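Trainee: Below is start_38.cif; it holds mmCIF, C-alpha atoms.
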```cif
data_my_file
#
loop_
_atom_site.label_atom_id
_atom_site.label_comp_id
_atom_site.auth_asym_id
_atom_site.auth_seq_id
_atom_site.Cartn_x
_atom_site.Cartn_y
_atom_site.Cartn_z
CA MET U 1 2.23 7.45 13.71
CA SER U 2 0.41 4.57 12.11
CA PRO U 3 -3.29 4.00 12.71
CA ARG U 4 -4.34 1.52 15.38
CA HIS U 5 -7.92 0.85 14.30
CA HIS U 6 -8.30 -1.01 11.00
CA PRO U 7 -11.02 -2.25 8.64
CA SER U 8 -11.87 -5.96 8.80
CA GLU U 9 -10.08 -8.34 6.46
CA ASP U 10 -13.25 -8.79 4.44
CA ARG U 11 -13.68 -5.04 3.94
CA LEU U 12 -10.10 -4.86 2.65
CA LEU U 13 -10.72 -7.83 0.40
CA SER U 14 -13.87 -6.30 -1.16
CA TYR U 15 -11.91 -3.11 -1.70
CA ALA U 16 -9.03 -4.95 -3.39
CA ALA U 17 -11.41 -7.08 -5.47
CA GLY U 18 -13.30 -3.98 -6.60
CA THR U 19 -16.62 -5.32 -5.34
CA GLY U 20 -17.21 -2.82 -2.54
CA THR U 21 -19.62 0.10 -2.73
CA PRO U 22 -18.30 3.50 -3.89
CA GLY U 23 -18.85 5.09 -0.48
CA ALA U 24 -17.16 2.29 1.46
CA ASP U 25 -14.26 2.32 -1.03
CA LEU U 26 -13.72 6.01 -0.37
CA VAL U 27 -13.44 5.57 3.41
CA ILE U 28 -11.20 2.51 3.04
CA ALA U 29 -9.02 4.36 0.51
CA ALA U 30 -8.48 7.15 3.03
CA HIS U 31 -7.48 4.67 5.73
CA VAL U 32 -5.28 2.60 3.41
CA GLY U 33 -3.50 5.75 2.28
CA ALA U 34 -2.46 6.34 5.89
CA CYS U 35 -1.81 2.74 6.91
CA ARG U 36 1.18 0.75 5.76
CA GLN U 37 -0.15 -2.47 7.27
CA CYS U 38 -3.45 -2.30 5.37
CA ARG U 39 -1.66 -1.20 2.19
CA ASP U 40 0.28 -4.42 2.41
CA ALA U 41 -2.91 -6.41 3.02
CA VAL U 42 -4.50 -4.81 -0.05
CA ALA U 43 -1.36 -5.44 -2.10
CA LEU U 44 -1.44 -9.10 -1.10
CA ALA U 45 -5.11 -9.36 -2.06
CA GLU U 46 -4.40 -7.68 -5.40
CA ALA U 47 -1.60 -10.15 -6.04
CA VAL U 48 -4.08 -12.94 -5.34
CA GLY U 49 -6.50 -11.28 -7.79
CA GLY U 50 -3.73 -11.15 -10.40
CA ALA U 51 -2.84 -14.81 -9.92
CA LEU U 52 -6.52 -15.82 -10.14
CA LEU U 53 -6.92 -13.72 -13.29
CA ASP U 54 -3.86 -15.34 -14.82
CA ALA U 55 -5.24 -18.81 -14.11
CA LEU U 56 -8.63 -18.18 -15.76
CA PRO U 57 -9.53 -20.06 -18.91
CA PRO U 58 -9.12 -17.46 -21.69
CA ALA U 59 -12.33 -16.18 -23.31
CA PRO U 60 -11.61 -15.73 -27.02
CA MET U 61 -11.53 -12.13 -28.21
CA SER U 62 -13.13 -11.24 -31.53
CA ASP U 63 -10.98 -11.91 -34.60
CA ASP U 64 -10.02 -8.31 -35.24
CA ALA U 65 -9.41 -7.40 -31.56
CA LEU U 66 -5.61 -7.29 -31.76
CA ALA U 67 -5.65 -5.40 -35.06
CA LEU U 68 -8.01 -2.84 -33.53
CA ALA U 69 -5.78 -2.43 -30.49
CA LEU U 70 -2.65 -2.05 -32.63
CA ALA U 71 -4.41 0.62 -34.64
CA ARG U 72 -5.11 2.54 -31.45
CA ILE U 73 -1.66 2.58 -29.90
CA GLU U 74 1.09 5.02 -30.52
CA ARG U 75 4.47 5.34 -28.89
CA PRO U 76 3.87 5.70 -25.19
CA ALA U 77 3.87 9.32 -24.26
CA ASN U 78 5.41 9.97 -20.90
CA ALA U 79 2.26 11.61 -19.67
CA PRO U 80 2.82 13.89 -16.70
CA ALA U 81 1.24 12.71 -13.48
CA PRO U 82 -2.24 14.15 -13.08
CA LYS U 83 -2.25 17.32 -11.04
CA ARG U 84 -3.50 16.79 -7.56
CA ALA U 85 -5.31 19.43 -5.63
CA PRO U 86 -3.14 20.58 -2.74
CA ALA U 87 -3.98 18.69 0.42
CA GLU U 88 -5.76 20.26 3.37
CA PRO U 89 -3.21 21.28 6.00
CA ASP U 90 -3.10 18.80 8.92
CA TRP U 91 -5.27 16.23 7.16
CA ILE U 92 -4.17 12.78 6.13
CA GLU U 93 -4.04 12.39 2.37
CA VAL U 94 -7.51 11.88 0.89
CA PRO U 95 -8.99 11.12 -2.55
CA GLU U 96 -9.92 14.05 -4.78
CA PRO U 97 -13.74 14.07 -4.30
CA VAL U 98 -13.21 14.41 -0.59
CA LEU U 99 -11.07 17.54 -0.98
CA HIS U 100 -13.55 18.93 -3.44
CA ALA U 101 -16.42 18.48 -0.98
CA ALA U 102 -14.34 19.94 1.84
CA ARG U 103 -13.75 23.14 -0.10
CA ARG U 104 -17.02 23.65 -1.86
CA LYS U 105 -19.77 21.89 0.06
CA ARG U 106 -19.25 22.86 3.67
CA ARG U 107 -22.29 23.99 5.48
CA TRP U 108 -22.40 24.94 9.13
CA ALA U 109 -25.04 22.76 10.67
CA ALA U 110 -24.85 23.70 14.33
CA PRO U 111 -22.39 25.69 16.43
CA GLY U 112 -19.00 24.01 16.00
CA VAL U 113 -20.29 21.51 13.45
CA TRP U 114 -20.02 21.52 9.69
CA VAL U 115 -21.10 18.88 7.19
CA ALA U 116 -19.94 18.53 3.58
CA PRO U 117 -21.92 16.04 1.48
CA ILE U 118 -19.86 14.03 -1.02
CA GLY U 119 -22.43 11.83 -2.71
CA ARG U 120 -24.92 9.01 -2.51
CA GLY U 121 -24.23 5.38 -3.25
CA PRO U 122 -26.48 2.45 -4.12
CA GLY U 123 -29.31 1.95 -1.64
CA GLY U 124 -29.06 5.59 -0.59
CA ALA U 125 -25.83 5.25 1.41
CA ARG U 126 -24.50 8.73 2.06
CA SER U 127 -20.90 9.87 2.07
CA TYR U 128 -20.00 13.09 3.82
CA LEU U 129 -17.43 14.93 5.86
CA LEU U 130 -18.24 15.88 9.41
CA ARG U 131 -16.34 18.47 11.42
CA VAL U 132 -16.93 18.68 15.13
CA GLY U 133 -15.25 21.27 17.36
CA ALA U 134 -12.79 20.55 20.18
CA GLY U 135 -14.29 18.85 23.22
CA MET U 136 -17.76 18.44 21.69
CA SER U 137 -19.76 15.21 21.60
CA VAL U 138 -21.97 13.85 18.86
CA PRO U 139 -25.31 13.28 20.64
CA ARG U 140 -25.92 9.69 21.72
CA HIS U 141 -27.15 7.69 18.74
CA THR U 142 -27.27 4.37 16.97
CA HIS U 143 -27.40 3.54 13.23
CA ARG U 144 -29.48 2.06 10.48
CA GLY U 145 -27.10 -0.30 8.72
CA ALA U 146 -23.35 0.14 8.61
CA GLU U 147 -21.44 3.34 9.28
CA LEU U 148 -17.79 3.55 8.22
CA VAL U 149 -15.60 6.33 9.55
CA CYS U 150 -12.03 7.41 8.90
CA VAL U 151 -10.48 10.20 10.96
CA LEU U 152 -8.85 12.80 8.69
CA LYS U 153 -7.79 15.30 11.33
CA GLY U 154 -7.88 15.55 15.11
CA ALA U 155 -9.16 12.78 17.36
CA PHE U 156 -12.21 11.49 19.15
CA SER U 157 -12.77 8.99 21.92
CA ASP U 158 -15.44 6.36 21.65
CA ARG U 159 -16.28 3.30 23.72
CA GLY U 160 -12.97 3.40 25.53
CA GLY U 161 -10.88 3.79 22.36
CA LEU U 162 -9.03 6.79 20.99
CA TYR U 163 -9.39 7.41 17.26
CA GLU U 164 -6.66 9.49 15.65
CA PRO U 165 -5.84 10.47 12.05
CA GLY U 166 -6.08 7.46 9.73
CA ASP U 167 -8.00 5.36 12.25
CA PHE U 168 -11.00 3.46 10.94
CA SER U 169 -14.20 2.66 12.77
CA GLU U 170 -17.22 0.63 11.76
CA SER U 171 -20.52 0.63 13.66
CA ASP U 172 -23.98 -0.72 13.00
CA GLU U 173 -27.38 -0.91 14.68
CA SER U 174 -25.91 -2.94 17.53
CA VAL U 175 -23.77 0.03 18.58
CA GLU U 176 -25.11 2.93 20.60
CA HIS U 177 -22.50 5.57 21.29
CA MET U 178 -21.57 9.18 21.86
CA PRO U 179 -18.19 9.89 20.24
CA THR U 180 -16.42 12.82 21.90
CA VAL U 181 -13.80 14.99 20.27
CA THR U 182 -10.63 15.40 22.31
CA PRO U 183 -10.06 18.85 23.85
CA GLU U 184 -6.91 19.56 21.79
CA GLY U 185 -8.71 20.65 18.62
CA GLU U 186 -11.35 20.10 15.98
CA CYS U 187 -11.92 16.68 14.45
CA VAL U 188 -12.80 16.02 10.79
CA CYS U 189 -14.04 12.59 9.71
CA LEU U 190 -14.93 10.98 6.40
CA ILE U 191 -18.10 8.95 6.84
CA CYS U 192 -20.18 6.55 4.76
CA ALA U 193 -23.50 5.61 6.32
CA ASP U 194 -26.14 3.24 4.94
CA GLY U 195 -28.88 5.13 6.75
CA ALA U 196 -29.47 8.19 8.90
CA LEU U 197 -28.35 8.31 12.52
CA VAL U 198 -30.95 7.28 15.04
CA PRO U 199 -30.78 9.75 17.94
CA ARG U 200 -31.09 8.27 21.41
CA ASP U 201 -31.62 11.38 23.50
CA TRP U 202 -33.40 14.71 23.30
CA VAL U 203 -30.27 16.62 22.33
CA GLY U 204 -29.88 14.47 19.27
CA ARG U 205 -33.57 14.61 18.43
CA PHE U 206 -33.37 18.36 18.67
CA PHE U 207 -30.27 18.73 16.52
CA GLN U 208 -30.85 16.10 13.87
CA PRO U 209 -33.19 18.15 11.67
CA PHE U 210 -30.49 20.81 11.40
CA VAL U 211 -27.47 18.57 10.96
CA ARG U 212 -29.25 16.09 8.67
CA ILE U 213 -26.87 13.16 9.02
CA MET K 1 19.51 -13.76 -34.70
CA ARG K 2 18.14 -12.57 -31.48
CA ASP K 3 18.83 -9.12 -30.29
CA PRO K 4 19.60 -9.52 -26.60
CA GLY K 5 18.11 -6.11 -25.95
CA THR K 6 14.59 -6.91 -27.06
CA ALA K 7 11.76 -8.26 -25.04
CA MET K 8 11.29 -11.24 -27.27
CA THR K 9 14.47 -12.82 -25.94
CA LEU K 10 13.40 -15.71 -23.79
CA GLY K 11 15.89 -16.64 -21.13
CA VAL K 12 16.27 -20.33 -20.34
CA GLY K 13 13.68 -21.34 -17.78
CA GLU K 14 12.08 -17.93 -17.78
CA THR K 15 8.58 -18.15 -16.32
CA THR K 16 5.55 -16.69 -18.03
CA GLY K 17 5.35 -14.07 -15.29
CA VAL K 18 8.92 -12.92 -15.81
CA ARG K 19 8.38 -12.86 -19.55
CA MET K 20 5.22 -10.78 -19.21
CA ALA K 21 7.02 -8.29 -16.97
CA ARG K 22 9.77 -7.98 -19.58
CA LEU K 23 7.23 -7.37 -22.31
CA ILE K 24 5.77 -4.45 -20.36
CA GLN K 25 9.27 -3.06 -19.83
CA ALA K 26 9.99 -3.36 -23.56
CA ILE K 27 6.87 -1.29 -24.25
CA ALA K 28 7.99 1.31 -21.75
CA ALA K 29 11.55 1.49 -23.03
CA ARG K 30 11.13 1.13 -26.75
CA GLY K 31 7.43 1.11 -27.63
CA GLU K 32 7.76 -2.41 -29.02
CA ARG K 33 4.59 -3.36 -30.83
CA ASP K 34 5.55 -7.04 -30.91
CA ALA K 35 5.79 -6.99 -27.15
CA PHE K 36 2.34 -5.44 -27.02
CA SER K 37 0.92 -8.12 -29.31
CA ALA K 38 2.35 -10.88 -27.13
CA LEU K 39 0.94 -9.30 -23.97
CA PHE K 40 -2.41 -8.79 -25.66
CA GLU K 41 -2.62 -12.42 -26.75
CA HIS K 42 -1.96 -13.58 -23.22
CA PHE K 43 -3.94 -11.11 -21.13
CA ALA K 44 -6.84 -9.76 -23.19
CA PRO K 45 -8.72 -13.11 -23.24
CA ARG K 46 -8.12 -13.55 -19.52
CA VAL K 47 -9.34 -10.07 -18.68
CA LYS K 48 -12.41 -10.75 -20.82
CA SER K 49 -12.96 -14.01 -18.95
CA TYR K 50 -12.66 -12.13 -15.62
CA LEU K 51 -15.29 -9.59 -16.66
CA LEU K 52 -17.67 -12.23 -17.97
CA ARG K 53 -17.48 -13.95 -14.59
CA LEU K 54 -18.45 -10.72 -12.92
CA GLY K 55 -21.56 -10.52 -15.08
CA ALA K 56 -20.42 -8.12 -17.83
CA SER K 57 -22.01 -8.54 -21.26
CA PRO K 58 -19.68 -10.02 -23.91
CA GLU K 59 -19.50 -6.59 -25.61
CA LEU K 60 -18.56 -4.77 -22.41
CA ALA K 61 -16.11 -7.52 -21.42
CA GLU K 62 -14.38 -7.21 -24.79
CA GLU K 63 -14.32 -3.43 -24.61
CA ILE K 64 -12.81 -3.37 -21.11
CA ALA K 65 -10.27 -6.03 -22.12
CA GLN K 66 -9.24 -3.76 -25.04
CA GLU K 67 -9.13 -0.71 -22.81
CA THR K 68 -7.07 -2.56 -20.18
CA LEU K 69 -4.37 -3.47 -22.69
CA LEU K 70 -4.38 0.03 -24.16
CA THR K 71 -3.85 1.37 -20.64
CA VAL K 72 -0.94 -1.04 -20.24
CA TRP K 73 0.57 0.47 -23.39
CA ARG K 74 0.08 4.04 -22.22
CA ARG K 75 1.16 3.53 -18.65
CA ALA K 76 3.90 0.94 -19.20
CA ALA K 77 6.50 3.26 -17.70
CA ALA K 78 4.64 3.20 -14.39
CA PHE K 79 4.99 -0.57 -14.09
CA ASP K 80 7.58 -1.57 -11.49
CA PRO K 81 8.38 -5.30 -11.47
CA ALA K 82 10.02 -4.92 -8.06
CA ARG K 83 6.64 -4.01 -6.63
CA ALA K 84 4.11 -6.08 -8.51
CA ALA K 85 3.76 -9.02 -10.85
CA ALA K 86 2.54 -8.21 -14.36
CA SER K 87 -0.69 -10.08 -13.62
CA THR K 88 -1.24 -8.07 -10.43
CA TRP K 89 -0.75 -4.77 -12.20
CA ILE K 90 -3.04 -5.75 -15.08
CA PHE K 91 -5.64 -7.04 -12.64
CA THR K 92 -5.74 -3.65 -10.87
CA ILE K 93 -6.13 -1.82 -14.20
CA ALA K 94 -8.99 -4.09 -15.30
CA ARG K 95 -10.63 -3.82 -11.89
CA ASN K 96 -10.49 -0.02 -11.94
CA LEU K 97 -11.82 0.21 -15.50
CA ARG K 98 -14.68 -2.07 -14.51
CA ILE K 99 -15.50 0.11 -11.50
CA ASP K 100 -15.41 3.24 -13.68
CA ALA K 101 -17.68 1.63 -16.27
CA ALA K 102 -20.17 0.52 -13.62
CA ARG K 103 -20.23 3.99 -12.08
CA ARG K 104 -20.74 5.67 -15.42
CA ALA K 105 -23.52 3.23 -16.33
CA ASN K 106 -25.76 3.51 -13.29
CA ARG K 107 -24.24 6.52 -11.58
CA PRO K 108 -24.59 4.90 -8.17
CA ILE K 109 -22.65 7.70 -6.58
CA ALA K 110 -24.79 10.59 -7.71
CA LEU K 111 -22.32 13.32 -6.99
CA ASP K 112 -23.89 16.46 -5.75
CA ASP K 113 -22.12 18.53 -8.36
CA PRO K 114 -22.75 17.14 -11.85
CA SER K 115 -19.48 18.62 -13.08
CA ASP K 116 -17.63 16.16 -10.86
CA VAL K 117 -16.11 13.17 -12.49
CA ALA K 118 -16.13 10.17 -10.23
CA PRO K 119 -12.52 9.05 -10.14
CA SER K 120 -11.48 5.59 -9.19
CA PRO K 121 -10.80 5.66 -5.48
CA ILE K 122 -8.19 2.98 -5.89
CA SER K 123 -4.66 3.82 -6.78
CA PRO K 124 -3.21 1.16 -9.07
CA ASP K 125 0.19 1.85 -7.58
CA LEU K 126 -0.31 0.65 -4.05
CA VAL K 127 2.84 -0.43 -2.33
CA LEU K 128 3.41 -4.12 -2.71
CA ALA K 129 4.57 -6.46 0.00
CA ALA K 130 6.42 -9.58 -0.96
CA VAL K 131 4.55 -10.68 -3.98
CA GLN K 132 6.15 -10.12 -7.36
CA ASP K 133 6.14 -13.72 -8.45
CA GLU K 134 2.78 -14.97 -9.66
CA ALA K 135 3.94 -18.57 -9.95
CA ARG K 136 4.65 -18.49 -6.25
CA ILE K 137 1.30 -16.84 -5.51
CA GLY K 138 -0.52 -19.41 -7.63
CA ALA K 139 1.28 -22.22 -5.79
CA ALA K 140 0.32 -20.69 -2.45
CA ILE K 141 -3.34 -20.42 -3.49
CA ALA K 142 -3.25 -24.06 -4.57
CA THR K 143 -2.37 -25.11 -1.00
CA LEU K 144 -5.54 -23.57 0.45
CA PRO K 145 -8.20 -25.98 1.66
CA GLU K 146 -11.08 -26.24 -0.83
CA GLU K 147 -13.52 -24.37 1.44
CA GLN K 148 -11.14 -21.41 1.65
CA SER K 149 -10.19 -21.25 -2.03
CA GLN K 150 -13.91 -21.38 -2.91
CA VAL K 151 -14.72 -18.23 -0.92
CA ILE K 152 -11.61 -16.46 -2.21
CA GLN K 153 -12.64 -17.20 -5.80
CA LEU K 154 -16.14 -15.91 -5.08
CA ALA K 155 -14.79 -12.77 -3.42
CA PHE K 156 -13.00 -11.87 -6.66
CA PHE K 157 -15.28 -13.31 -9.30
CA SER K 158 -18.77 -12.60 -8.02
CA ASP K 159 -20.03 -9.08 -7.77
CA LYS K 160 -22.03 -9.72 -4.65
CA PRO K 161 -21.73 -8.65 -1.06
CA HIS K 162 -20.20 -11.29 1.18
CA SER K 163 -23.58 -11.65 2.89
CA GLN K 164 -25.12 -12.80 -0.39
CA ILE K 165 -22.24 -15.18 -1.08
CA ALA K 166 -22.96 -16.65 2.36
CA ASP K 167 -26.65 -17.10 1.49
CA GLU K 168 -25.82 -18.86 -1.74
CA LEU K 169 -23.44 -21.24 0.00
CA SER K 170 -26.00 -21.72 2.80
CA LEU K 171 -23.37 -20.68 5.30
CA PRO K 172 -23.56 -18.13 8.09
CA LEU K 173 -21.92 -14.83 7.13
CA GLY K 174 -19.48 -15.25 10.02
CA THR K 175 -18.25 -18.53 8.52
CA VAL K 176 -17.61 -16.92 5.14
CA LYS K 177 -15.76 -14.05 6.78
CA SER K 178 -13.64 -16.34 8.90
CA ARG K 179 -12.74 -18.50 5.89
CA LEU K 180 -11.68 -15.38 4.01
CA ARG K 181 -9.64 -14.26 6.97
CA LEU K 182 -7.98 -17.65 7.40
CA ALA K 183 -7.21 -17.85 3.68
CA MET K 184 -5.57 -14.42 3.61
CA ALA K 185 -3.64 -15.13 6.81
CA ARG K 186 -2.31 -18.35 5.35
CA LEU K 187 -1.30 -16.66 2.09
CA ARG K 188 0.41 -13.92 4.04
CA ILE K 189 2.51 -16.49 5.91
CA LEU K 190 3.33 -18.48 2.78
CA LEU K 191 4.26 -15.43 0.74
CA GLY K 192 5.79 -13.53 3.61
CA GLU K 193 8.42 -16.24 3.81
CA ALA K 194 9.48 -15.28 0.31
CA ARG K 195 10.75 -11.94 1.50
#
```
Would you mind writing the structure in this file as structure tokens?
Mentor:
Amino acid sequence: MSPRHHPSEDRLLSYAAGTGTPGADLVIAAHVGACRQCRDAVALAEAVGGALLDALPPAPMSDDALALALARIERPANAPAPKRAPAEPDWIEVPEPVLHAARRKRRWAAPGVWVAPIGRGPGGARSYLLRVGAGMSVPRHTHRGAELVCVLKGAFSDRGGLYEPGDFSESDESVEHMPTVTPEGECVCLICADGALVPRDWVGRFFQPFVRI
Amino acid sequence: MRDPGTAMTLGVGETTGVRMARLIQAIAARGERDAFSALFEHFAPRVKSYLLRLGASPELAEEIAQETLLTVWRRAAAFDPARAAASTWIFTIARNLRIDAARRANRPIALDDPSDVAPSPISPDLVLAAVQDEARIGAAIATLPEEQSQVIQLAFFSDKPHSQIADELSLPLGTVKSRLRLAMARLRILLGEAR
């Protein structure tokens, strides 16, 4: 089934132009991998990038540039495709660093909850995986800056919407919510957040020091 | 005498885009160095120009332009003209090399395990919609109203968040976003009709 919640056109455009942040690119890449419609949007934007590139006034290369390049090429070797780590069962396809974090960085943060840090981007934005058990809620919270989420496995409901594998969600400080995992099974999400969550109730305030997201 | 099997054969009325695609195919099929030289002469200075616009130093711009064309040579067999124009494919290679270079330089994603290599999150082989013909894409871009083509140019050629582009144009962020959205929607209609 194809995802029903998508990134904004300008997120897709930054991704295609290569001007997004590393953390945002990772979340968008996961969504785009699962979403034909957004793959097409990215392909269109890349074609626009190609046409713009082609129309640029050429900047002269140094005199020996072509000779240097010719000295460096050989007959193209049909290099085998790079080996990919086997995917996680029941997950949508994700980029390599995500799988790596999932296997080697998991830490149980609270009953039913694990977190796997992936890395930090410019301005301290944090990328991580979050697993929440069936039927559980993330304590009511808001955000500092933007938070991008892509569902990798399972589903959660939030503000009247249902988010299933491949679905994308973006929130910011104007959003206060309490996403709840559906009762059918655990939910794993890839998240990039500019800042830490801001808990809005005592449960969250109690848990945050342990979960550290 | 021309050998009809080589890339250097120019069909009557063949567009630059078609010719460039054939050059890449000649590299893939036969490792033709002449085809590589012709591609290099066309694209390397444009890739350099692209990088300079995005704020790269002349040395880095030249190096990435070199590396882009060398990648074209090595990966020529992966090029599929049914899915992407030559310029699109080369744009994605240059874009990814630029991202890799930026991430190596200031390590903005400080991976928690130093043995990790930050890979490009972007596959250069994304499925293409209806856009293999750059002449057609260029013509479609040319029909955009000035205010839309300006923000599209900035989205590709300025390494700034859209919020900063908005500040520099003295426009609300919402206006910049809606112009981008309108521009892409219009291009989708124009190019979608080509299907």
Trainee: Residues near U:Pro111, anyone? I mean within 10 Å using only C-alpha atoms, not counting same-chain ones fewer than 3 positions away, as a PDB file with C-alpha atoms, keeping the file's coordinate frame.
Mentor:
```pdb
ATOM      1  CA  TRP U 108     -22.400  24.940   9.130  1.00  0.00           C
ATOM      2  CA  TRP U 114     -20.020  21.520   9.690  1.00  0.00           C
ATOM      3  CA  VAL U 132     -16.930  18.680  15.130  1.00  0.00           C
ATOM      4  CA  GLY U 133     -15.250  21.270  17.360  1.00  0.00           C
TER       5      GLY U 133
END
```
Trainee: How would you write, as a VMD selection string, the residues chosen by the PyMOL selection byres ((chain U) within 7 of (chain K)) on this structure?
Mentor: chain U and resid 9 to 10 14 17 to 19 22 25 to 26 29 39 to 40 43 to 44 46 to 51 53 to 54 56 to 61 69 73 75 to 77 95 118 to 122
Trainee: To verify the selection step, state as JSON, numbers by chain which residues the PyMOL selection byres ((chain U and resi 35) around 12) yields on this input.
Mentor: {"U": [1, 2, 3, 4, 5, 6, 7, 28, 29, 30, 31, 32, 33, 34, 36, 37, 38, 39, 40, 41, 42, 92, 93, 150, 165, 166, 167, 168], "K": [126, 127]}
Trainee: I'd like the contact shell of U:Ala116 - 6 Å cut-off, all atoms listed in the file, skipping same-chain residues fewer than 3 positions apart - returned as a list of chain:residue names.
Mentor: U:Ala101, U:Lys105, U:Arg106, U:Tyr128, U:Leu129
Trainee: Selected by the PyMOL selection byres ((chain U and resi 125) around 7) in the shown coordinates: which residues, as a list in words?
Mentor: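 For this structure, the PyMOL selection byres ((chain U and resi 125) around 7) resolves to Arg120, Gly121, Pro122, Gly123, Gly124, Arg126, Ser127, Cys192, Ala193, Asp194 and Gly195 of chain U.
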Trainee: Counting all atoms listed in the file, what is within 6 Å of U:His143, bar same-chain residues fewer than 2 positions away, as a list in words?
Mentor: Gly145, Asp172, Glu173, Leu197 and Val198 of chain U
Trainee: Kindly give the distance, in Å, that separates atom CA of K:Arg22 and atom CA of K:Ala101, rounded to a single decimal.
Mentor: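 Going from atom CA of K:Arg22 over to atom CA of K:Ala101 covers 29.3 Å.
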Trainee: May I ask for the distance between atom CA of U:Asp158 and atom CA of U:His177, given in Å to one decimal place?
Mentor: 7.1 Å
Trainee: Measure the distance from atom CA of U:Ala196 to atom CA of U:Glu88 in Å and round it to one decimal.
Mentor: 27.2 Å
Trainee: So that I can see what lies close to U:Gly185, please list as a VMD selection string the residues with an atom at most 10 Å from it, counting all atoms listed in the file and leaving out residues fewer than 2 positions away in the same chain.
Mentor: chain U and resid 132 to 136 153 to 156 181 to 183 187 to 188
Trainee: What are the centre and edge lengths in Å, to one decimal, of the axis-aligned box around all listed atoms of stretch 178-191 of chain K with 4 Å added on each side, as lines of an AutoDock Vina configuration file?
Mentor:
```
center_x = -4.7
center_y = -16.2
center_z = 4.8
size_x = 25.9
size_y = 12.6
size_z = 16.2
```
Trainee: Any chance you could build stretch 177-190 of chain K out to N, CA and C atoms and write it as a PDB file, in the coordinates of the input?
Mentor:
```pdb
ATOM      1  N   LYS K 177     -16.794 -15.023   6.404  1.00  0.00           N
ATOM      2  CA  LYS K 177     -15.760 -14.050   6.780  1.00  0.00           C
ATOM      3  C   LYS K 177     -14.558 -14.733   7.412  1.00  0.00           C
ATOM      4  N   SER K 178     -14.798 -15.730   8.255  1.00  0.00           N
ATOM      5  CA  SER K 178     -13.640 -16.340   8.900  1.00  0.00           C
ATOM      6  C   SER K 178     -12.836 -17.173   7.908  1.00  0.00           C
ATOM      7  N   ARG K 179     -13.510 -17.767   6.918  1.00  0.00           N
ATOM      8  CA  ARG K 179     -12.740 -18.500   5.890  1.00  0.00           C
ATOM      9  C   ARG K 179     -11.882 -17.537   5.059  1.00  0.00           C
ATOM     10  N   LEU K 180     -12.456 -16.374   4.748  1.00  0.00           N
ATOM     11  CA  LEU K 180     -11.680 -15.380   4.010  1.00  0.00           C
ATOM     12  C   LEU K 180     -10.462 -14.942   4.818  1.00  0.00           C
ATOM     13  N   ARG K 181     -10.722 -14.730   6.094  1.00  0.00           N
ATOM     14  CA  ARG K 181      -9.640 -14.260   6.970  1.00  0.00           C
ATOM     15  C   ARG K 181      -8.544 -15.312   7.081  1.00  0.00           C
ATOM     16  N   LEU K 182      -8.964 -16.570   7.277  1.00  0.00           N
ATOM     17  CA  LEU K 182      -7.980 -17.650   7.400  1.00  0.00           C
ATOM     18  C   LEU K 182      -7.182 -17.807   6.114  1.00  0.00           C
ATOM     19  N   ALA K 183      -7.877 -17.698   4.973  1.00  0.00           N
ATOM     20  CA  ALA K 183      -7.210 -17.850   3.680  1.00  0.00           C
ATOM     21  C   ALA K 183      -6.150 -16.761   3.507  1.00  0.00           C
ATOM     22  N   MET K 184      -6.528 -15.515   3.801  1.00  0.00           N
ATOM     23  CA  MET K 184      -5.570 -14.420   3.610  1.00  0.00           C
ATOM     24  C   MET K 184      -4.413 -14.546   4.596  1.00  0.00           C
ATOM     25  N   ALA K 185      -4.715 -14.982   5.821  1.00  0.00           N
ATOM     26  CA  ALA K 185      -3.640 -15.130   6.810  1.00  0.00           C
ATOM     27  C   ALA K 185      -2.647 -16.197   6.355  1.00  0.00           C
ATOM     28  N   ARG K 186      -3.186 -17.279   5.820  1.00  0.00           N
ATOM     29  CA  ARG K 186      -2.310 -18.350   5.350  1.00  0.00           C
ATOM     30  C   ARG K 186      -1.434 -17.889   4.176  1.00  0.00           C
ATOM     31  N   LEU K 187      -2.064 -17.161   3.248  1.00  0.00           N
ATOM     32  CA  LEU K 187      -1.300 -16.660   2.090  1.00  0.00           C
ATOM     33  C   LEU K 187      -0.221 -15.686   2.547  1.00  0.00           C
ATOM     34  N   ARG K 188      -0.571 -14.898   3.541  1.00  0.00           N
ATOM     35  CA  ARG K 188       0.410 -13.920   4.040  1.00  0.00           C
ATOM     36  C   ARG K 188       1.620 -14.644   4.604  1.00  0.00           C
ATOM     37  N   ILE K 189       1.383 -15.735   5.346  1.00  0.00           N
ATOM     38  CA  ILE K 189       2.510 -16.490   5.910  1.00  0.00           C
ATOM     39  C   ILE K 189       3.330 -17.136   4.793  1.00  0.00           C
ATOM     40  N   LEU K 190       2.623 -17.794   3.854  1.00  0.00           N
ATOM     41  CA  LEU K 190       3.330 -18.480   2.780  1.00  0.00           C
ATOM     42  C   LEU K 190       4.161 -17.522   1.943  1.00  0.00           C
TER      43      LEU K 190
END
```
